[in-house]
Amino acid sequence: MTVTIDWLAFLQVFVVAMAGAVVVVTFYAVGLRMLVRSGHAPVVSPAEFTDAITVITEKQAKRSAKAAAKAAKRNPLTQTQKRIALVAAYAAFAVCALAVLGGLLLIVFNH
């Protein structure tokens with residue numbers, strides 16, 4: 001029994017996987033950047049773990065939330081520009097979702 005490898009198919013899968021990863025990471029980064037520009041900075045409350053390297057105190061979390069609110073007030077963009085940035089952020093996240101959904105559909109229906 002001999003095993004043969006279809007190197008062209010392997011190369012195609014590799015190129016498509018790399019392109020998909022680049023698309024998802026790039027558009028996710030753009031989406032986060034536009035979300036911050038629109039004044040909707042994602043502030044996540046810290047979780048405390050017993051084995052955590054760094055544990056953020058509640059005082060530090062409040063200071064971080066206050067700094068994010070202050071930065072949102074200092075935003076030099078007009079309301080229209082903020083709205084456009086928010087729409088662009090949601091569009092970038094939609095591209096990420098479509099890329100992942102497209103990859104899943106390729107796996108399921110092209111197998």
# chains A, B, ... in the order shown; residues from 1 in each chain; ligands from 1
$ select_by_dssp --residues "chain A" --states "helix (DSSP H, G or I)" --output "PyMOL selection string"
chain A and resi 7-37+58-73+79-109
$ residues_around --residues "Lys70 in chain A" --least-positions-apart "6" --cutoff "12 Å" --atoms "only C-alpha atoms" --output "JSON, numbers by chain"
{"A": [39, 40, 41, 63, 64]}
$ write_last_selection --atoms "N, CA and C atoms" --output "tab-separated table (two decimals), in the first residue's frame"
chain	number	residue	atom	x	y	z
A	39	GLY	N	-16.60	55.84	20.26
A	39	GLY	CA	-16.88	56.16	21.65
A	39	GLY	C	-17.48	55.02	22.43
A	40	HIS	N	-17.46	53.83	21.88
A	40	HIS	CA	-18.00	52.65	22.55
A	40	HIS	C	-16.87	51.70	22.92
A	41	ALA	N	-15.96	52.20	23.74
A	41	ALA	CA	-14.82	51.37	24.13
A	41	ALA	C	-15.30	50.18	24.95
A	63	ARG	N	-11.12	53.00	38.05
A	63	ARG	CA	-10.24	54.00	37.43
A	63	ARG	C	-10.17	53.78	35.91
A	64	SER	N	-10.13	52.53	35.49
A	64	SER	CA	-10.09	52.21	34.06
A	64	SER	C	-11.38	52.62	33.36
$ atom_distance --atom1 "CA of Gly31 in chain A" --atom2 "CA of Val108 in chain A"
27.7 Å
$ closest_residue --among "A:Val95, A:Arg37, A:Ala89, A:Phe109" --to "Arg74 in chain A" --atoms "only C-alpha atoms"
A:Arg37
